[in-house]
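Student: Quick one, upload-v8.cif (mmCIF, C-alpha atoms and all ligand atoms):
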```cif
data_target
#
loop_
_atom_site.group_PDB
_atom_site.id
_atom_site.type_symbol
_atom_site.label_atom_id
_atom_site.label_comp_id
_atom_site.auth_asym_id
_atom_site.auth_seq_id
_atom_site.Cartn_x
_atom_site.Cartn_y
_atom_site.Cartn_z
ATOM 1 C CA MET A 18 40.918 -39.330 -107.442
ATOM 2 C CA ARG A 19 40.913 -37.146 -110.561
ATOM 3 C CA GLN A 20 44.204 -35.339 -111.099
ATOM 4 C CA PRO A 21 44.887 -32.034 -112.883
ATOM 5 C CA VAL A 22 44.799 -32.189 -116.684
ATOM 6 C CA VAL A 23 48.081 -33.082 -118.388
ATOM 7 C CA ILE A 24 48.637 -32.448 -122.092
ATOM 8 C CA ALA A 25 51.383 -34.676 -123.517
ATOM 9 C CA PRO A 26 52.215 -33.946 -127.168
ATOM 10 C CA SER A 27 53.475 -37.030 -128.984
ATOM 11 C CA ILE A 28 56.760 -36.353 -130.740
ATOM 12 C CA LEU A 29 55.816 -38.930 -133.358
ATOM 13 C CA SER A 30 54.386 -35.983 -135.292
ATOM 14 C CA ALA A 31 57.233 -33.563 -134.476
ATOM 15 C CA ASP A 32 59.891 -32.342 -136.897
ATOM 16 C CA PHE A 33 62.558 -35.029 -136.441
ATOM 17 C CA ALA A 34 65.206 -33.001 -138.229
ATOM 18 C CA ARG A 35 64.780 -30.298 -135.571
ATOM 19 C CA LEU A 36 63.547 -32.406 -132.683
ATOM 20 C CA GLY A 37 65.048 -30.543 -129.716
ATOM 21 C CA GLU A 38 63.840 -27.227 -131.014
ATOM 22 C CA ASP A 39 60.338 -28.515 -131.804
ATOM 23 C CA VAL A 40 59.945 -30.193 -128.399
ATOM 24 C CA ARG A 41 61.110 -27.052 -126.615
ATOM 25 C CA LYS A 42 58.617 -25.044 -128.645
ATOM 26 C CA ALA A 43 55.761 -27.320 -127.535
ATOM 27 C CA LEU A 44 56.831 -27.097 -123.881
ATOM 28 C CA ASP A 45 57.208 -23.310 -124.053
ATOM 29 C CA ALA A 46 53.704 -23.263 -125.525
ATOM 30 C CA GLY A 47 52.287 -24.960 -122.425
ATOM 31 C CA ALA A 48 52.713 -28.708 -122.931
ATOM 32 C CA ASP A 49 53.185 -30.614 -119.656
ATOM 33 C CA TRP A 50 54.931 -33.805 -120.730
ATOM 34 C CA VAL A 51 56.802 -35.112 -123.754
ATOM 35 C CA HIS A 52 55.132 -38.312 -125.041
ATOM 36 C CA PHE A 53 57.876 -40.476 -126.542
ATOM 37 C CA ASP A 54 56.641 -43.259 -128.865
ATOM 38 C CA VAL A 55 59.060 -46.155 -129.232
ATOM 39 C CA MET A 56 58.274 -48.610 -132.063
ATOM 40 C CA ASP A 57 60.301 -51.647 -133.121
ATOM 41 C CA ASN A 58 58.824 -52.923 -136.412
ATOM 42 C CA HIS A 59 57.974 -56.132 -134.516
ATOM 43 C CA TYR A 60 55.400 -55.448 -131.826
ATOM 44 C CA VAL A 61 54.007 -52.736 -134.115
ATOM 45 C CA PRO A 62 54.538 -52.335 -137.866
ATOM 46 C CA ASN A 63 56.573 -49.149 -137.629
ATOM 47 C CA LEU A 64 60.029 -48.095 -136.488
ATOM 48 C CA THR A 65 60.814 -44.926 -134.553
ATOM 49 C CA ILE A 66 63.175 -43.824 -131.822
ATOM 50 C CA GLY A 67 65.105 -45.208 -128.871
ATOM 51 C CA PRO A 68 67.079 -44.304 -125.739
ATOM 52 C CA LEU A 69 69.752 -42.386 -127.659
ATOM 53 C CA LEU A 70 67.200 -39.816 -128.702
ATOM 54 C CA CYS A 71 65.737 -39.626 -125.192
ATOM 55 C CA LYS A 72 69.197 -38.842 -123.871
ATOM 56 C CA ALA A 73 69.759 -36.348 -126.684
ATOM 57 C CA LEU A 74 66.647 -34.435 -125.575
ATOM 58 C CA ARG A 75 67.923 -34.386 -121.974
ATOM 59 C CA ASP A 76 71.353 -33.218 -123.167
ATOM 60 C CA TYR A 77 69.654 -30.506 -125.195
ATOM 61 C CA GLY A 78 68.152 -29.218 -121.944
ATOM 62 C CA ILE A 79 64.641 -30.682 -121.932
ATOM 63 C CA THR A 80 63.703 -31.044 -118.254
ATOM 64 C CA ALA A 81 59.952 -31.787 -118.584
ATOM 65 C CA PRO A 82 58.738 -35.312 -117.783
ATOM 66 C CA ILE A 83 59.435 -37.724 -120.632
ATOM 67 C CA ASP A 84 56.541 -40.169 -120.944
ATOM 68 C CA VAL A 85 58.019 -43.181 -122.717
ATOM 69 C CA HIS A 86 55.463 -45.379 -124.485
ATOM 70 C CA LEU A 87 57.146 -48.650 -125.393
ATOM 71 C CA MET A 88 55.640 -50.464 -128.363
ATOM 72 C CA VAL A 89 58.412 -53.047 -128.395
ATOM 73 C CA GLU A 90 58.820 -56.748 -127.725
ATOM 74 C CA PRO A 91 60.497 -57.886 -125.537
ATOM 75 C CA VAL A 92 60.332 -55.070 -123.008
ATOM 76 C CA ASP A 93 62.803 -55.798 -120.196
ATOM 77 C CA ARG A 94 66.044 -55.497 -122.209
ATOM 78 C CA ILE A 95 65.402 -51.855 -123.030
ATOM 79 C CA VAL A 96 64.047 -50.612 -119.664
ATOM 80 C CA PRO A 97 67.422 -49.874 -117.978
ATOM 81 C CA ASP A 98 68.589 -48.045 -121.113
ATOM 82 C CA PHE A 99 65.582 -45.727 -121.031
ATOM 83 C CA ALA A 100 65.997 -45.126 -117.300
ATOM 84 C CA ALA A 101 69.651 -44.182 -117.894
ATOM 85 C CA ALA A 102 68.594 -41.977 -120.816
ATOM 86 C CA GLY A 103 66.381 -39.852 -118.577
ATOM 87 C CA ALA A 104 62.889 -41.339 -118.970
ATOM 88 C CA THR A 105 60.425 -40.237 -116.286
ATOM 89 C CA ARG A 106 57.692 -42.802 -116.933
ATOM 90 C CA ILE A 107 57.936 -46.058 -118.822
ATOM 91 C CA SER A 108 54.718 -47.628 -120.091
ATOM 92 C CA PHE A 109 54.475 -50.965 -121.879
ATOM 93 C CA HIS A 110 51.902 -53.306 -123.376
ATOM 94 C CA PRO A 111 51.307 -56.369 -121.154
ATOM 95 C CA GLU A 112 51.154 -58.765 -124.138
ATOM 96 C CA ALA A 113 54.671 -57.700 -125.099
ATOM 97 C CA THR A 114 56.388 -59.005 -121.969
ATOM 98 C CA ARG A 115 56.578 -62.509 -120.485
ATOM 99 C CA HIS A 116 56.292 -61.471 -116.822
ATOM 100 C CA VAL A 117 54.266 -58.308 -116.303
ATOM 101 C CA ASP A 118 54.911 -58.022 -112.575
ATOM 102 C CA ARG A 119 58.656 -58.459 -113.106
ATOM 103 C CA THR A 120 58.695 -55.714 -115.722
ATOM 104 C CA LEU A 121 56.839 -53.359 -113.377
ATOM 105 C CA GLN A 122 59.367 -54.082 -110.627
ATOM 106 C CA LEU A 123 62.206 -53.506 -113.077
ATOM 107 C CA ILE A 124 60.864 -50.076 -114.062
ATOM 108 C CA ARG A 125 60.422 -48.936 -110.469
ATOM 109 C CA GLY A 126 63.745 -50.508 -109.523
ATOM 110 C CA HIS A 127 65.382 -48.200 -112.040
ATOM 111 C CA GLY A 128 63.713 -45.154 -110.509
ATOM 112 C CA CYS A 129 60.995 -44.565 -113.120
ATOM 113 C CA MET A 130 57.225 -44.438 -112.828
ATOM 114 C CA THR A 131 55.192 -47.289 -114.305
ATOM 115 C CA GLY A 132 52.428 -47.460 -116.865
ATOM 116 C CA LEU A 133 50.441 -50.303 -118.417
ATOM 117 C CA VAL A 134 49.026 -49.799 -121.930
ATOM 118 C CA PHE A 135 45.836 -51.363 -123.291
ATOM 119 C CA ASN A 136 45.165 -51.736 -126.995
ATOM 120 C CA PRO A 137 41.550 -51.279 -128.113
ATOM 121 C CA ALA A 138 40.854 -55.036 -127.853
ATOM 122 C CA THR A 139 43.003 -55.789 -124.789
ATOM 123 C CA PRO A 140 40.871 -56.757 -121.771
ATOM 124 C CA LEU A 141 41.201 -54.835 -118.512
ATOM 125 C CA GLU A 142 41.771 -57.992 -116.452
ATOM 126 C CA TRP A 143 45.479 -57.220 -116.522
ATOM 127 C CA LEU A 144 44.634 -54.549 -113.940
ATOM 128 C CA ASP A 145 43.293 -57.080 -111.420
ATOM 129 C CA TRP A 146 46.724 -57.729 -109.928
ATOM 130 C CA THR A 147 48.736 -54.734 -111.094
ATOM 131 C CA LEU A 148 46.857 -51.553 -110.195
ATOM 132 C CA GLN A 149 48.742 -51.078 -106.929
ATOM 133 C CA GLN A 150 52.067 -51.110 -108.821
ATOM 134 C CA LEU A 151 50.972 -48.582 -111.421
ATOM 135 C CA ASP A 152 51.422 -44.837 -111.665
ATOM 136 C CA LEU A 153 49.523 -44.665 -114.933
ATOM 137 C CA VAL A 154 47.034 -46.600 -117.041
ATOM 138 C CA LEU A 155 47.178 -45.770 -120.744
ATOM 139 C CA LEU A 156 44.256 -46.641 -122.993
ATOM 140 C CA MET A 157 44.952 -46.691 -126.702
ATOM 141 C CA SER A 158 42.095 -45.080 -128.597
ATOM 142 C CA VAL A 159 43.621 -46.241 -131.900
ATOM 143 C CA ASN A 160 45.626 -49.335 -132.785
ATOM 144 C CA PRO A 161 49.253 -48.577 -131.989
ATOM 145 C CA GLY A 162 51.806 -47.886 -134.689
ATOM 146 C CA PHE A 163 50.869 -44.651 -136.403
ATOM 147 C CA GLY A 164 49.865 -41.086 -135.723
ATOM 148 C CA GLY A 165 46.920 -39.371 -137.341
ATOM 149 C CA GLN A 166 44.327 -42.144 -136.929
ATOM 150 C CA GLN A 167 40.669 -41.761 -135.956
ATOM 151 C CA PHE A 168 39.599 -42.033 -132.296
ATOM 152 C CA ILE A 169 37.800 -45.345 -131.623
ATOM 153 C CA PRO A 170 34.554 -44.463 -129.766
ATOM 154 C CA ALA A 171 34.419 -47.720 -127.738
ATOM 155 C CA THR A 172 37.387 -46.304 -125.790
ATOM 156 C CA LEU A 173 34.933 -44.096 -123.889
ATOM 157 C CA GLU A 174 33.233 -47.053 -122.198
ATOM 158 C CA LYS A 175 36.639 -48.530 -121.419
ATOM 159 C CA LEU A 176 37.815 -45.233 -119.899
ATOM 160 C CA ARG A 177 34.754 -45.218 -117.646
ATOM 161 C CA ALA A 178 35.535 -48.777 -116.552
ATOM 162 C CA VAL A 179 39.149 -47.907 -115.693
ATOM 163 C CA ARG A 180 38.072 -44.726 -113.909
ATOM 164 C CA ARG A 181 35.759 -46.823 -111.713
ATOM 165 C CA ARG A 182 38.610 -49.209 -110.892
ATOM 166 C CA ILE A 183 41.018 -46.379 -110.031
ATOM 167 C CA ASP A 184 38.464 -44.596 -107.872
ATOM 168 C CA ALA A 185 37.482 -47.832 -106.119
ATOM 169 C CA GLY A 186 41.158 -48.529 -105.400
ATOM 170 C CA GLY A 187 41.581 -45.016 -103.994
ATOM 171 C CA CYS A 188 44.946 -44.727 -105.696
ATOM 172 C CA ALA A 189 46.560 -41.735 -107.400
ATOM 173 C CA VAL A 190 46.919 -43.438 -110.769
ATOM 174 C CA ARG A 191 46.781 -41.276 -113.862
ATOM 175 C CA LEU A 192 44.445 -42.288 -116.677
ATOM 176 C CA GLU A 193 45.948 -41.427 -120.043
ATOM 177 C CA VAL A 194 44.377 -41.716 -123.478
ATOM 178 C CA ASP A 195 46.386 -41.942 -126.692
ATOM 179 C CA GLY A 196 45.264 -41.746 -130.310
ATOM 180 C CA GLY A 197 43.009 -39.430 -132.262
ATOM 181 C CA ILE A 198 42.804 -36.846 -129.461
ATOM 182 C CA ASN A 199 41.927 -33.411 -130.846
ATOM 183 C CA HIS A 200 39.515 -30.534 -130.238
ATOM 184 C CA GLU A 201 36.582 -32.747 -131.248
ATOM 185 C CA THR A 202 37.348 -35.819 -129.117
ATOM 186 C CA ILE A 203 39.091 -34.553 -125.974
ATOM 187 C CA ALA A 204 35.958 -33.466 -124.092
ATOM 188 C CA ALA A 205 34.313 -36.878 -124.378
ATOM 189 C CA ALA A 206 37.527 -38.589 -123.242
ATOM 190 C CA ALA A 207 37.773 -36.237 -120.249
ATOM 191 C CA ALA A 208 34.111 -36.748 -119.348
ATOM 192 C CA ALA A 209 34.720 -40.506 -119.455
ATOM 193 C CA GLY A 210 37.525 -40.183 -116.899
ATOM 194 C CA ALA A 211 40.816 -39.458 -118.666
ATOM 195 C CA ASP A 212 43.070 -36.855 -117.020
ATOM 196 C CA THR A 213 46.157 -37.174 -119.257
ATOM 197 C CA PHE A 214 45.929 -36.625 -123.002
ATOM 198 C CA VAL A 215 48.399 -37.566 -125.703
ATOM 199 C CA ALA A 216 48.046 -35.498 -128.857
ATOM 200 C CA GLY A 217 50.407 -35.861 -131.785
ATOM 201 C CA SER A 218 48.991 -34.637 -135.055
ATOM 202 C CA ALA A 219 46.639 -32.236 -133.245
ATOM 203 C CA VAL A 220 49.645 -30.260 -131.928
ATOM 204 C CA PHE A 221 52.787 -30.731 -134.030
ATOM 205 C CA GLY A 222 52.668 -29.280 -137.496
ATOM 206 C CA LYS A 223 50.014 -26.791 -136.466
ATOM 207 C CA PRO A 224 50.950 -23.110 -136.817
ATOM 208 C CA ASP A 225 50.193 -22.075 -133.217
ATOM 209 C CA TYR A 226 51.081 -24.696 -130.574
ATOM 210 C CA ARG A 227 50.079 -22.393 -127.731
ATOM 211 C CA ALA A 228 46.554 -21.889 -129.055
ATOM 212 C CA VAL A 229 46.045 -25.616 -129.706
ATOM 213 C CA ILE A 230 47.342 -26.698 -126.287
ATOM 214 C CA ALA A 231 45.313 -24.053 -124.444
ATOM 215 C CA ASP A 232 42.184 -25.066 -126.342
ATOM 216 C CA LEU A 233 42.721 -28.782 -125.600
ATOM 217 C CA ARG A 234 43.339 -28.056 -121.910
ATOM 218 C CA ALA A 235 40.249 -25.847 -121.621
ATOM 219 C CA ARG A 236 38.015 -28.416 -123.295
ATOM 220 C CA ALA A 237 39.366 -31.212 -121.071
ATOM 221 C CA ALA A 238 39.027 -29.190 -117.869
ATOM 222 C CA ALA A 239 35.483 -28.089 -118.712
ATOM 223 C CA ALA A 240 34.349 -31.657 -119.396
ATOM 224 C CA ALA A 241 36.003 -33.330 -116.389
HETATM 225 C C1 LIG B 1 50.333 -44.384 -131.772
HETATM 226 C C2 LIG B 1 51.068 -43.563 -130.747
HETATM 227 C C3 LIG B 1 50.480 -42.235 -130.481
HETATM 228 C C4 LIG B 1 50.391 -41.324 -131.673
HETATM 229 C C5 LIG B 1 49.219 -40.449 -131.488
HETATM 230 O O1 LIG B 1 50.800 -45.693 -131.736
HETATM 231 O O2 LIG B 1 51.130 -44.243 -129.513
HETATM 232 O O3 LIG B 1 51.111 -41.592 -129.388
HETATM 233 O O4 LIG B 1 51.532 -40.526 -131.855
HETATM 234 O O5 LIG B 1 49.070 -39.656 -132.619
HETATM 235 P P1 LIG B 1 47.737 -38.840 -132.901
HETATM 236 O O6 LIG B 1 47.538 -37.913 -131.742
HETATM 237 O O7 LIG B 1 48.040 -38.149 -134.178
HETATM 238 O O8 LIG B 1 46.619 -39.842 -133.015
HETATM 239 ZN ZN ZN B 2 51.870 -43.211 -127.688
#
```
I'd like the structure from this file rewritten - as structure tokens, please.
Tutor:
Amino acid sequence: MRQPVVIAPSILSADFARLGEDVRKALDAGADWVHFDVMDNHYVPNLTIGPLLCKALRDYGITAPIDVHLMVEPVDRIVPDFAAAGATRISFHPEATRHVDRTLQLIRGHGCMTGLVFNPATPLEWLDWTLQQLDLVLLMSVNPGFGGQQFIPATLEKLRAVRRRIDAGGCAVRLEVDGGINHETIAAAAAAGADTFVAGSAVFGKPDYRAVIADLRARAAAAA
């Protein structure tokens, strides 16, 4: 079942020196979720932010869903910390954990929603025995690690394949796409089945967040 469009700006491209303010500005401008990219310089070749900053956003008064995207290895050690820090959803890459089912149970056991993330070359077979435990499937449309990369077109076929699986399972799983989403690519991703859109460089750093977010949402809704 296709769910209403969600626009989730990635704070990877936000102003880190004024993070609370910049995140609030994006939410006031119509963003639905805060996409929170966690990188460890191990699973991906970059280093970003952790639970302390998630908690700092909550303490600052951010109440919107925080969509934590873990690009870390191992995964389990850090899950309880993010739950305690106020994460709403915790998504991870299946290759980065030893026991995928255990990690999913851990996330739900700590009161968060689950997501499984697929890199461009990661096969969808991981979904065979996990779909029922998922609240979200996240397809990377770039290789993880950096903002501002080009959308990989093969993601569209993969989105269609996941959409078929979700619809066949009759479950209310969100289908999120992450990487290179902007006014040129969002319609094709929506037409291929995505309902949740991460956008970093397309939103942050732009002069008018409201105009960008409204435009992205309109293009996604029209193509769905
Ligand atoms: C990449 C991150 C993305 C990134 C997207 O590893 O997962 O969330 O911030 O940035 P853009 O939208 O600029 O491609
Ligand atoms: Zn991300």
Student: Measuring between only C-alpha atoms, which one of A:Val89, A:Val117, A:Val55, A:Ala25 shows the shortest distance to Val40 in chain A?
Tutor: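 Of the candidates, the smallest distance to Val40 in chain A is held by A:Ala25.
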Student: Once the PyMOL selection byres (((not hetatm)) within 6 of (chain B and resi 2)) is applied to the coordinates I shared, what remains selected? I want it as a PyMOL selection string.
Tutor: chain A and resi 54+86+195
Student: Could you turn the residues from that selection into a file that holds C-alpha atoms, as a CSV table (one decimal), in the coordinates of the input?
Tutor:
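Wrote part.csv, looks like this:
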```csv
chain,number,residue,atom,x,y,z
A,54,ASP,CA,56.6,-43.3,-128.9
A,86,HIS,CA,55.5,-45.4,-124.5
A,195,ASP,CA,46.4,-41.9,-126.7
```
Student: Quote the spacing between CA of Arg19 in chain A and CA of Pro170 in chain A in Å to one decimal place.
Tutor: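 Calculated distance between CA of Arg19 in chain A and CA of Pro170 in chain A is 21.5 Å.
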Student: Taking all listed atoms of ligand LIG 1 (chain B), build the axis-aligned box, pad each of the six sides by 4 Å, then write its centre and edge lengths in Å to one decimal as lines of an AutoDock Vina configuration file.
Tutor:
```
center_x = 49.1
center_y = -41.8
center_z = -131.8
size_x = 12.9
size_y = 15.8
size_z = 12.8
```
Student: For Trp146 in chain A, list every protein, DNA or RNA residue within 12 Å, evaluated using all atoms listed in the file, and leave out those in the same chain fewer than 5 positions away; present the list as a list in words.
Tutor: Val117, Asp118, Leu121, Leu133, Leu141, Leu151, Arg182 and Gly186 of chain A
Student: Quick one: everything within 10 Å of Thr80 in chain A, counting only C-alpha atoms, minus sequence neighbours fewer than 2 positions away in the same chain. Send it as a ChimeraX atom specification.
Tutor: /A:41,44,50-51,74-78,82-83,103,105
Student: Collect all residues with atoms no farther than 6 Å from ligand LIG 1 (chain B), counting only C-alpha atoms and all ligand atoms, and output them as a PyMOL selection string.
Tutor: chain A and resi 27+29+54+161-166+195-198+216-219
Student: From the options A:Lys223, A:Arg236, A:His127, A:Arg181, which residue's atoms come nearest to Arg106 in chain A, counting only C-alpha atoms?
Tutor: A:His127
Student: Report, in Å to a single decimal, how far apart CA of Asp225 in chain A and CA of Ile107 in chain A are.
Tutor: 29.0 Å
Student: With N, CA and C atoms as the goal, would you fill in the gaps in range 106-118 of chain A and present it as a short mmCIF file (atom, residue, chain, number, x, y, z; two decimals), in the frame of the given file?
Tutor:
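New file part_0.cif:
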```cif
data_model
loop_
_atom_site.label_atom_id
_atom_site.label_comp_id
_atom_site.auth_asym_id
_atom_site.auth_seq_id
_atom_site.Cartn_x
_atom_site.Cartn_y
_atom_site.Cartn_z
N ARG A 106 58.65 -41.70 -117.02
CA ARG A 106 57.69 -42.80 -116.93
C ARG A 106 57.99 -43.78 -118.05
N ILE A 107 57.79 -45.05 -117.77
CA ILE A 107 57.94 -46.06 -118.82
C ILE A 107 56.67 -46.91 -118.82
N SER A 108 55.94 -46.85 -119.94
CA SER A 108 54.72 -47.63 -120.09
C SER A 108 54.94 -48.70 -121.14
N PHE A 109 54.31 -49.85 -120.92
CA PHE A 109 54.48 -50.96 -121.88
C PHE A 109 53.16 -51.71 -122.02
N HIS A 110 53.09 -52.50 -123.10
CA HIS A 110 51.90 -53.31 -123.38
C HIS A 110 52.07 -54.68 -122.71
N PRO A 111 51.11 -55.12 -121.90
CA PRO A 111 51.31 -56.37 -121.15
C PRO A 111 51.53 -57.59 -122.05
N GLU A 112 50.95 -57.60 -123.25
CA GLU A 112 51.15 -58.76 -124.14
C GLU A 112 52.59 -58.85 -124.63
N ALA A 113 53.33 -57.75 -124.50
CA ALA A 113 54.67 -57.70 -125.10
C ALA A 113 55.76 -58.18 -124.15
N THR A 114 55.38 -58.54 -122.92
CA THR A 114 56.39 -59.00 -121.97
C THR A 114 55.95 -60.34 -121.39
N ARG A 115 56.91 -61.17 -120.98
CA ARG A 115 56.58 -62.51 -120.48
C ARG A 115 56.07 -62.44 -119.05
N HIS A 116 56.64 -61.55 -118.25
CA HIS A 116 56.29 -61.47 -116.82
C HIS A 116 55.97 -60.02 -116.48
N VAL A 117 54.69 -59.71 -116.47
CA VAL A 117 54.27 -58.31 -116.30
C VAL A 117 54.72 -57.75 -114.96
N ASP A 118 54.53 -58.52 -113.90
CA ASP A 118 54.91 -58.02 -112.58
C ASP A 118 56.42 -57.76 -112.50
#
```
